[in-house]
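Working notes for the structure below.
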Amino acid sequence: MLSLHAAEFFRIASPGSVRSRPEPRTQLRHSPHRRPNCLRICVKRRSSVKAVVYKGKNQVAVEEVPDPKLEAPGDAIIRITTAAICGSDLHMYDRRSNAKPGTVFGHENQGIVEEIGKGVVSIRKGDRVVLPFNIGCGFCFNCSRGFTNACLTANPEAPTAGYGYAGMGPYRGGQAEFLRVPFADFNCLKLPGKAGDDFEDDFVLLSDIFPTGWHAACLANVQSGDSVAIFGAGPVGLLSAYSSFIKGAAEVYVVDRAPARLRRAEAIGAVAIDFTEGDPVQQIKDLRAKNKTRAQSQRPGEEKMDGVNCAIDAVGYQALSSEDPEKEDSMQTIRQIADLVNPTGSVGLIGVYFNDDPGGADQHARNGEFLFPLGKFWSKGITIGQGQAPVKCYNAYLRDLIVAGKAKPSFIVSHRLPLSRAAEAYAQFDHRGVGSGKTWTKILLKPGAQAA
């Protein structure tokens, strides 16, 4: 059986491979009607670029790294116009993953195509594109079925691939000036308009957070008229709430302790639940019980459905204890969801759970093993969905919602900063909405911007 990594296959099987391409040059002498017989449309650039580099626990720095090069005919090079910091980047930043120092962070990337490989047919230099955080080849068994979050060929070590993330392959992240994009025809989503326009900050969220929030609502089976509880008011939680409303949810509750983040939830119509003010499960049940109109519409016995039909865990394995918010309790959110969701309800676990956590409380936690209240979920007949979002399943449709004025996901953005301020941004974002980081909800890095 042939088991070559897909990129290696293209290098071996295709003419004009990287090893035989000419050196970059500033001018191409060829007929305007014929494409030059070289791997890329060449652009003269520097030998190095600036990028956000992981240095160790709670340390990143903006450093010079080698200029990314085309490595296969299907590659493209993107000049990054906006890259976002994701909450899941903090797991690596906190050394709660197997990320190694020297990793270039950044899986939420948008920019302008600068170079294309010889095999790229639908993307051109100058195109404005946003990139799904998970890299797909487009032709493997999983990609062909829409599971681009589990590509089988892009990462030789695991059935998943992405930019600048632990365990997701050898691909550099895009919190940098330039980025190499493999399988560019498949992975680049073309965008209208020009870099820096009114859509810029909305479109970059198509790389991850908006599709991930939408996927969370899909995992939780949110339907028109549903009641939904979302644990976590970070970017994923807020856009899960937003997506639930777009899908027609009647009631959405958002649980957190960060006042500024809870206010953003209220601004889109959600009910804010501060878990420092009491058990969030009971708070939500009490609010629903006080709804006289709802009570009048129930038949005898239906008061047993005193919770919500759908719940989303947008926190993950670094959940905080309700009794002592300064300490972690990885299963706190899961236990609360088990108590809150109605019989026959649905749950979406979109928060990250690693099977390799160097900072886990014990050996089980370090191996991603937790005491899960399976009996309660089973006895209630609750459906559980989980895993990464297959971004390409959603991003084109969500782009069109943005263009049509039906969605404005950038309401979550709190800071727009030059790349040079990345270290400050990570340090403040790591406070997760409290203390000195109380106003830092979603951070966009602009490599082309000058430091203030």
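Chain labels run A, B, ... following the order of the structure tokens; each chain numbers its residues from 1, and ligands are numbered from 1 in the order shown.
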
As a PyMOL selection string, please: every residue in stretch 46-289 of chain A that DSSP puts in strand (DSSP E). chain A and resi 48-56+59-66+76-85+108-116+128-131+178-181+189-190+227-231+251-256+271-274

Would you output that residue set with C-alpha atoms, as a JSON list (two decimals), in the first residue's frame?
```
[["chain", "number", "residue", "atom", "x", "y", "z"],
["A", 48, "SER", "CA", 13.35, 36.44, 7.12],
["A", 49, "VAL", "CA", 10.02, 37.60, 8.50],
["A", 50, "LYS", "CA", 8.69, 38.58, 11.90],
["A", 51, "ALA", "CA", 6.58, 36.04, 13.77],
["A", 52, "VAL", "CA", 5.23, 35.24, 17.26],
["A", 53, "VAL", "CA", 7.44, 32.49, 18.68],
["A", 54, "TYR", "CA", 6.71, 30.38, 21.75],
["A", 55, "LYS", "CA", 9.63, 30.56, 24.18],
["A", 56, "GLY", "CA", 8.34, 28.54, 27.13],
["A", 59, "GLN", "CA", 6.47, 33.51, 27.21],
["A", 60, "VAL", "CA", 6.23, 34.51, 23.56],
["A", 61, "ALA", "CA", 8.41, 36.89, 21.58],
["A", 62, "VAL", "CA", 8.29, 38.50, 18.16],
["A", 63, "GLU", "CA", 11.38, 37.27, 16.36],
["A", 64, "GLU", "CA", 12.82, 36.92, 12.90],
["A", 65, "VAL", "CA", 12.17, 33.47, 11.38],
["A", 66, "PRO", "CA", 13.02, 32.15, 7.90],
["A", 76, "ALA", "CA", 0.60, 29.41, -1.81],
["A", 77, "ILE", "CA", 2.31, 32.13, 0.21],
["A", 78, "ILE", "CA", 0.01, 34.57, 1.98],
["A", 79, "ARG", "CA", 0.88, 38.04, 3.24],
["A", 80, "ILE", "CA", -0.98, 38.18, 6.54],
["A", 81, "THR", "CA", -3.22, 41.20, 7.04],
["A", 82, "THR", "CA", -4.94, 39.99, 10.23],
["A", 83, "ALA", "CA", -4.22, 37.09, 12.56],
["A", 84, "ALA", "CA", -6.25, 36.47, 15.71],
["A", 85, "ILE", "CA", -5.15, 35.09, 19.06],
["A", 108, "GLU", "CA", -6.63, 32.18, 12.68],
["A", 109, "ASN", "CA", -5.21, 33.74, 9.53],
["A", 110, "GLN", "CA", -6.29, 36.06, 6.72],
["A", 111, "GLY", "CA", -4.37, 37.85, 4.04],
["A", 112, "ILE", "CA", -3.42, 38.44, 0.42],
["A", 113, "VAL", "CA", -1.96, 35.82, -1.91],
["A", 114, "GLU", "CA", 1.62, 36.75, -2.79],
["A", 115, "GLU", "CA", 2.89, 33.60, -4.54],
["A", 116, "ILE", "CA", 1.35, 30.44, -5.94],
["A", 128, "ARG", "CA", -7.93, 38.10, -0.62],
["A", 129, "VAL", "CA", -8.39, 34.87, 1.36],
["A", 130, "VAL", "CA", -9.10, 33.50, 4.81],
["A", 131, "LEU", "CA", -7.83, 30.09, 5.86],
["A", 178, "PHE", "CA", 3.84, 35.67, 5.78],
["A", 179, "LEU", "CA", 2.48, 32.11, 5.83],
["A", 180, "ARG", "CA", 2.77, 29.04, 3.63],
["A", 181, "VAL", "CA", -0.59, 27.47, 2.77],
["A", 189, "LEU", "CA", -11.67, 30.81, 0.94],
["A", 190, "LYS", "CA", -11.84, 33.78, -1.44],
["A", 227, "SER", "CA", -33.40, 26.90, 25.24],
["A", 228, "VAL", "CA", -29.60, 26.91, 25.34],
["A", 229, "ALA", "CA", -27.02, 27.24, 28.10],
["A", 230, "ILE", "CA", -23.43, 28.08, 27.18],
["A", 231, "PHE", "CA", -20.65, 27.71, 29.71],
["A", 251, "GLU", "CA", -33.52, 31.58, 25.20],
["A", 252, "VAL", "CA", -29.75, 31.62, 25.56],
["A", 253, "TYR", "CA", -27.95, 31.70, 28.91],
["A", 254, "VAL", "CA", -24.20, 32.40, 29.08],
["A", 255, "VAL", "CA", -22.25, 31.41, 32.20],
["A", 256, "ASP", "CA", -18.97, 33.07, 33.21],
["A", 271, "VAL", "CA", -29.04, 36.14, 29.76],
["A", 272, "ALA", "CA", -25.80, 36.57, 31.71],
["A", 273, "ILE", "CA", -25.15, 34.14, 34.57],
["A", 274, "ASP", "CA", -22.28, 34.97, 36.95]]
```

What are the DSSP alpha helix (DSSP H) residues of stretch 100-232 of chain A, as a CSV table (one decimal) with C-alpha atoms, in the first residue's frame?
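out-v2.csv written:
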```
chain,number,residue,atom,x,y,z
A,184,ALA,CA,-4.1,26.2,-1.5
A,185,ASP,CA,-7.0,25.6,-4.0
A,186,PHE,CA,-8.8,23.6,-1.3
A,187,ASN,CA,-8.0,25.6,1.8
A,200,GLU,CA,-11.7,42.7,7.6
A,201,ASP,CA,-12.4,42.0,11.3
A,202,ASP,CA,-15.5,39.9,10.5
A,203,PHE,CA,-13.8,37.8,7.8
A,209,ILE,CA,-14.1,31.2,15.9
A,210,PHE,CA,-17.3,31.9,14.0
A,211,PRO,CA,-17.4,28.4,12.3
A,212,THR,CA,-16.5,26.8,15.7
A,213,GLY,CA,-19.3,28.6,17.5
A,214,TRP,CA,-21.6,27.5,14.7
A,215,HIS,CA,-20.4,24.0,15.0
A,216,ALA,CA,-20.9,24.0,18.7
A,217,ALA,CA,-24.6,24.9,18.1
A,218,CYS,CA,-24.8,22.1,15.6
A,219,LEU,CA,-23.3,19.6,18.0
```

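Compared by their closest atoms to A:Gly136, and using only C-alpha atoms, the residues A:Gly174, A:Gly234, A:Pro390, A:Gly433 rank with A:Pro390 nearest.
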
Just want the 7 Å neighbourhood of A:Tyr353, counted on only C-alpha atoms, with same-chain residues fewer than 4 positions away dropped. Output as JSON, numbers by chain. {"A": [316, 317, 368]}

Nearest residue to A:Leu371 from the set A:Ala99, A:Met331, A:Ile384, A:Ala260 (distances using only C-alpha atoms): A:Met331

Could you please determine the separation between atom CA of A:Arg299 and atom CA of A:Ala220 in Å, to one decimal place? 25.6 Å

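Coordinates place atom CA of A:Pro373 at a distance of 19.4 Å from atom CA of A:Gly360.
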
Nearest residue to A:Lys100 out of A:Pro170, A:Pro235, A:Gly307, A:Pro325, using only C-alpha atoms? A:Pro170

Ranking A:Ala396, A:Ile312, A:Ile284, A:Val341 by minimum distance to A:Ser243 and counting only C-alpha atoms, which one comes first? A:Ile312

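Of the listed residues A:Cys86, A:Leu262, A:Ala404, A:Ala241, the one whose atoms come nearest to A:Gly106 is A:Cys86, with distances taken using only C-alpha atoms.
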